[in-house]
>>> print(open('run-v1.cif').read())   # mmCIF, C-alpha atoms
data_start
#
loop_
_atom_site.label_atom_id
_atom_site.label_comp_id
_atom_site.auth_asym_id
_atom_site.auth_seq_id
_atom_site.Cartn_x
_atom_site.Cartn_y
_atom_site.Cartn_z
CA MET A 1 -39.78 10.18 44.99
CA LEU A 2 -36.25 9.52 43.76
CA ASN A 3 -37.21 10.95 40.35
CA ILE A 4 -38.26 14.22 41.97
CA ILE A 5 -35.05 14.45 44.00
CA ILE A 6 -32.89 13.78 40.92
CA GLY A 7 -34.81 16.43 38.92
CA LEU A 8 -34.52 18.93 41.74
CA ILE A 9 -30.77 18.41 42.14
CA SER A 10 -30.22 18.59 38.36
CA GLY A 11 -32.23 21.81 38.15
CA ILE A 12 -30.32 23.44 40.98
CA VAL A 13 -26.93 22.44 39.58
CA SER A 14 -27.99 23.57 36.09
CA GLY A 15 -29.16 26.91 37.48
CA MET A 16 -25.74 27.47 38.99
CA GLY A 17 -24.18 27.01 35.55
CA MET A 18 -22.37 23.76 36.27
CA GLY A 19 -24.21 21.50 33.85
CA GLY A 20 -27.08 19.65 35.45
CA GLY A 21 -27.01 17.11 32.62
CA THR A 22 -23.96 15.46 34.12
CA ILE A 23 -25.85 14.84 37.33
CA LEU A 24 -28.97 13.80 35.42
CA ILE A 25 -27.23 11.18 33.26
CA LEU A 26 -25.26 9.82 36.19
CA CYS A 27 -28.31 9.49 38.46
CA LEU A 28 -30.56 8.02 35.77
CA ALA A 29 -27.97 5.43 34.78
CA LEU A 30 -26.71 4.44 38.22
CA PHE A 31 -29.62 4.92 40.61
CA LEU A 32 -32.63 4.30 38.38
CA GLY A 33 -31.05 1.60 36.19
CA LYS A 34 -31.87 3.30 32.88
CA ASP A 35 -29.85 2.53 29.76
CA GLN A 36 -27.20 5.16 29.00
CA HIS A 37 -28.84 6.08 25.69
CA ILE A 38 -32.17 6.66 27.43
CA ALA A 39 -30.42 8.82 30.05
CA GLN A 40 -28.70 10.86 27.35
CA GLY A 41 -32.01 11.33 25.51
CA ALA A 42 -33.63 12.52 28.73
CA ASN A 43 -30.72 14.93 29.16
CA LEU A 44 -31.37 16.40 25.70
CA ILE A 45 -35.04 16.86 26.54
CA PHE A 46 -33.98 18.53 29.80
CA PHE A 47 -31.39 20.70 28.01
CA ILE A 48 -33.58 22.19 25.29
CA PRO A 49 -36.01 24.22 27.46
CA THR A 50 -33.30 25.34 29.88
CA SER A 51 -31.11 26.58 27.03
CA ILE A 52 -34.01 28.45 25.44
CA VAL A 53 -34.88 30.16 28.73
CA SER A 54 -31.26 31.05 29.50
CA THR A 55 -30.74 32.46 26.00
CA PHE A 56 -33.91 34.55 26.33
CA MET A 57 -32.81 35.86 29.73
CA ASN A 58 -29.33 36.75 28.47
CA VAL A 59 -30.78 38.64 25.51
CA LYS A 60 -33.29 40.39 27.78
CA GLN A 61 -30.49 41.52 30.11
CA LYS A 62 -28.45 42.68 27.07
CA LEU A 63 -25.59 40.29 27.81
CA VAL A 64 -25.35 39.02 24.22
CA LYS A 65 -22.76 40.81 22.09
CA TRP A 66 -24.47 40.52 18.72
CA LYS A 67 -21.45 41.62 16.68
CA ILE A 68 -19.32 38.81 18.11
CA ARG A 69 -22.18 36.30 17.86
CA ASN A 70 -22.72 37.10 14.18
CA ASN A 71 -18.99 36.68 13.58
CA CYS A 72 -19.18 33.15 14.94
CA PHE A 73 -21.42 31.98 12.10
CA ASN A 74 -19.41 33.13 9.10
CA MET A 75 -16.73 31.22 7.18
CA ARG A 76 -14.01 32.06 9.69
CA GLY A 77 -16.39 31.36 12.55
CA ASN A 78 -14.35 29.10 14.78
CA TRP A 79 -11.17 31.14 14.71
CA SER A 80 -12.94 34.48 15.06
CA CYS A 81 -14.95 33.21 18.04
CA TYR A 82 -11.82 31.92 19.71
CA TRP A 83 -9.94 35.14 18.97
CA SER A 84 -12.71 37.47 20.10
CA LYS A 85 -13.23 35.51 23.28
CA ASN A 86 -9.60 35.07 24.30
CA PHE A 87 -7.58 37.94 22.84
CA ARG A 88 -9.85 40.97 22.56
CA LYS A 89 -10.34 43.27 25.48
CA SER A 90 -13.97 44.27 26.02
#
>>> encode(input="run-v1.cif", output="structure tokens")
Amino acid sequence: MLNIIIGLISGIVSGMGMGGGTILILCLALFLGKDQHIAQGANLIFFIPTSIVSTFMNVKQKLVKWKIRNNCFNMRGNWSCYWSKNFRKS
């Protein structure tokens, strides 16, 4: 029953955009007595489908700015991402 409650809380917190993995790792390590590496592995398994779904939903709602995203993967990627995010007006 505790597993279901932890999963439910992590899903709700993740859905609100706060990072459910923090809750998941903390609860697995402290309340269920799992090793930290096992808890972090479970967090990665939890993260992969939620990130795929959220990316799909953002693309579907046309919230992805493809020009900026493509800029992030070139040679000047880190600086151009930082600049476009913090200094450009949309």
>>> atom_distance(input="run-v1.cif", atom1="atom CA of A:Gly33", atom2="atom CA of A:Met18")
23.8 Å
>>> residues_around(input="run-v1.cif", residues="A:Ile45", least_positions_apart="5", cutoff="12 Å", atoms="all atoms listed in the file", output="list in words")
Gly21, Leu24, Ile25, Ile38, Ala39, Gln40, Thr50, Ser51 and Ile52 of chain A
>>> resolve_selection(input="run-v1.cif", expression="the PyMOL selection byres ((chain A and resi 22) around 12)", output="NGL selection string")
:A and (6-7 or 9-11 or 13-14 or 17-21 or 23-29 or 36 or 39-40 or 42-44 or 46-47)
>>> write_last_selection(input="run-v1.cif", atoms="C-alpha atoms", output="short mmCIF file (atom, residue, chain, number, x, y, z; two decimals), in the frame of the given file")
data_model
loop_
_atom_site.label_atom_id
_atom_site.label_comp_id
_atom_site.auth_asym_id
_atom_site.auth_seq_id
_atom_site.Cartn_x
_atom_site.Cartn_y
_atom_site.Cartn_z
CA ILE A 6 -32.89 13.78 40.92
CA GLY A 7 -34.81 16.43 38.92
CA ILE A 9 -30.77 18.41 42.14
CA SER A 10 -30.22 18.59 38.36
CA GLY A 11 -32.23 21.81 38.15
CA VAL A 13 -26.93 22.44 39.58
CA SER A 14 -27.99 23.57 36.09
CA GLY A 17 -24.18 27.01 35.55
CA MET A 18 -22.37 23.76 36.27
CA GLY A 19 -24.21 21.50 33.85
CA GLY A 20 -27.08 19.65 35.45
CA GLY A 21 -27.01 17.11 32.62
CA ILE A 23 -25.85 14.84 37.33
CA LEU A 24 -28.97 13.80 35.42
CA ILE A 25 -27.23 11.18 33.26
CA LEU A 26 -25.26 9.82 36.19
CA CYS A 27 -28.31 9.49 38.46
CA LEU A 28 -30.56 8.02 35.77
CA ALA A 29 -27.97 5.43 34.78
CA GLN A 36 -27.20 5.16 29.00
CA ALA A 39 -30.42 8.82 30.05
CA GLN A 40 -28.70 10.86 27.35
CA ALA A 42 -33.63 12.52 28.73
CA ASN A 43 -30.72 14.93 29.16
CA LEU A 44 -31.37 16.40 25.70
CA PHE A 46 -33.98 18.53 29.80
CA PHE A 47 -31.39 20.70 28.01
#
>>> atom_distance(input="run-v1.cif", atom1="atom CA of A:His37", atom2="atom CA of A:Ile12")
23.2 Å
>>> atom_distance(input="run-v1.cif", atom1="atom CA of A:Thr55", atom2="atom CA of A:Asn3")
26.7 Å
>>> build_atoms(input="run-v1.cif", residues="stretch 15-49 of chain A", atoms="N, CA and C atoms", output="compact mmCIF listing (two decimals), keeping the file's coordinate frame")
# COMPACT_ATOMS: atom_id res chain seq x y z
N GLY A 15 -28.95 25.48 37.22
CA GLY A 15 -29.16 26.91 37.48
C GLY A 15 -27.91 27.62 37.94
N MET A 16 -27.00 26.88 38.55
CA MET A 16 -25.74 27.47 38.99
C MET A 16 -24.71 27.49 37.87
N GLY A 17 -25.07 26.95 36.71
CA GLY A 17 -24.18 27.01 35.55
C GLY A 17 -23.16 25.90 35.49
N MET A 18 -23.36 24.84 36.24
CA MET A 18 -22.37 23.76 36.27
C MET A 18 -22.71 22.61 35.35
N GLY A 19 -23.85 22.60 34.73
CA GLY A 19 -24.21 21.50 33.85
C GLY A 19 -24.97 20.42 34.59
N GLY A 20 -26.25 20.62 34.74
CA GLY A 20 -27.08 19.65 35.45
C GLY A 20 -27.21 18.33 34.71
N GLY A 21 -26.92 18.34 33.40
CA GLY A 21 -27.01 17.11 32.62
C GLY A 21 -26.06 16.04 33.09
N THR A 22 -24.92 16.44 33.59
CA THR A 22 -23.96 15.46 34.12
C THR A 22 -24.57 14.72 35.29
N ILE A 23 -25.19 15.45 36.17
CA ILE A 23 -25.85 14.84 37.33
C ILE A 23 -27.02 13.99 36.87
N LEU A 24 -27.79 14.50 35.90
CA LEU A 24 -28.97 13.80 35.42
C LEU A 24 -28.61 12.46 34.79
N ILE A 25 -27.63 12.43 33.91
CA ILE A 25 -27.23 11.18 33.26
C ILE A 25 -26.68 10.20 34.28
N LEU A 26 -25.84 10.68 35.18
CA LEU A 26 -25.26 9.82 36.19
C LEU A 26 -26.33 9.19 37.08
N CYS A 27 -27.26 10.00 37.56
CA CYS A 27 -28.31 9.49 38.46
C CYS A 27 -29.27 8.55 37.74
N LEU A 28 -29.65 8.90 36.51
CA LEU A 28 -30.56 8.02 35.77
C LEU A 28 -29.91 6.67 35.48
N ALA A 29 -28.64 6.68 35.12
CA ALA A 29 -27.97 5.43 34.78
C ALA A 29 -27.65 4.58 36.01
N LEU A 30 -27.15 5.22 37.05
CA LEU A 30 -26.71 4.44 38.22
C LEU A 30 -27.84 4.12 39.19
N PHE A 31 -28.63 5.12 39.55
CA PHE A 31 -29.62 4.92 40.61
C PHE A 31 -30.95 4.38 40.11
N LEU A 32 -31.35 4.75 38.89
CA LEU A 32 -32.63 4.30 38.38
C LEU A 32 -32.51 3.15 37.40
N GLY A 33 -31.28 2.76 37.05
CA GLY A 33 -31.05 1.60 36.19
C GLY A 33 -31.45 1.80 34.74
N LYS A 34 -31.52 3.04 34.28
CA LYS A 34 -31.87 3.30 32.88
C LYS A 34 -30.65 3.06 31.99
N ASP A 35 -30.92 2.70 30.75
CA ASP A 35 -29.85 2.53 29.76
C ASP A 35 -29.20 3.89 29.51
N GLN A 36 -27.92 3.89 29.19
CA GLN A 36 -27.20 5.16 29.00
C GLN A 36 -27.81 5.98 27.88
N HIS A 37 -28.24 5.33 26.80
CA HIS A 37 -28.84 6.08 25.69
C HIS A 37 -30.16 6.73 26.10
N ILE A 38 -30.93 6.07 26.92
CA ILE A 38 -32.17 6.66 27.43
C ILE A 38 -31.85 7.86 28.32
N ALA A 39 -30.82 7.71 29.16
CA ALA A 39 -30.42 8.82 30.05
C ALA A 39 -29.93 10.01 29.24
N GLN A 40 -29.18 9.76 28.18
CA GLN A 40 -28.70 10.86 27.35
C GLN A 40 -29.84 11.53 26.59
N GLY A 41 -30.83 10.75 26.16
CA GLY A 41 -32.01 11.33 25.51
C GLY A 41 -32.80 12.20 26.47
N ALA A 42 -32.94 11.73 27.71
CA ALA A 42 -33.63 12.52 28.73
C ALA A 42 -32.87 13.81 29.00
N ASN A 43 -31.54 13.74 28.96
CA ASN A 43 -30.72 14.93 29.16
C ASN A 43 -30.96 15.94 28.04
N LEU A 44 -31.08 15.48 26.80
CA LEU A 44 -31.37 16.40 25.70
C LEU A 44 -32.73 17.07 25.87
N ILE A 45 -33.72 16.29 26.31
CA ILE A 45 -35.04 16.86 26.54
C ILE A 45 -34.98 17.88 27.67
N PHE A 46 -34.17 17.62 28.68
CA PHE A 46 -33.98 18.53 29.80
C PHE A 46 -33.21 19.78 29.36
N PHE A 47 -32.27 19.61 28.44
CA PHE A 47 -31.39 20.70 28.01
C PHE A 47 -32.10 21.73 27.14
N ILE A 48 -32.97 21.29 26.27
CA ILE A 48 -33.58 22.19 25.29
C ILE A 48 -34.36 23.33 25.95
N PRO A 49 -35.30 23.07 26.87
CA PRO A 49 -36.01 24.22 27.46
C PRO A 49 -35.12 25.10 28.33
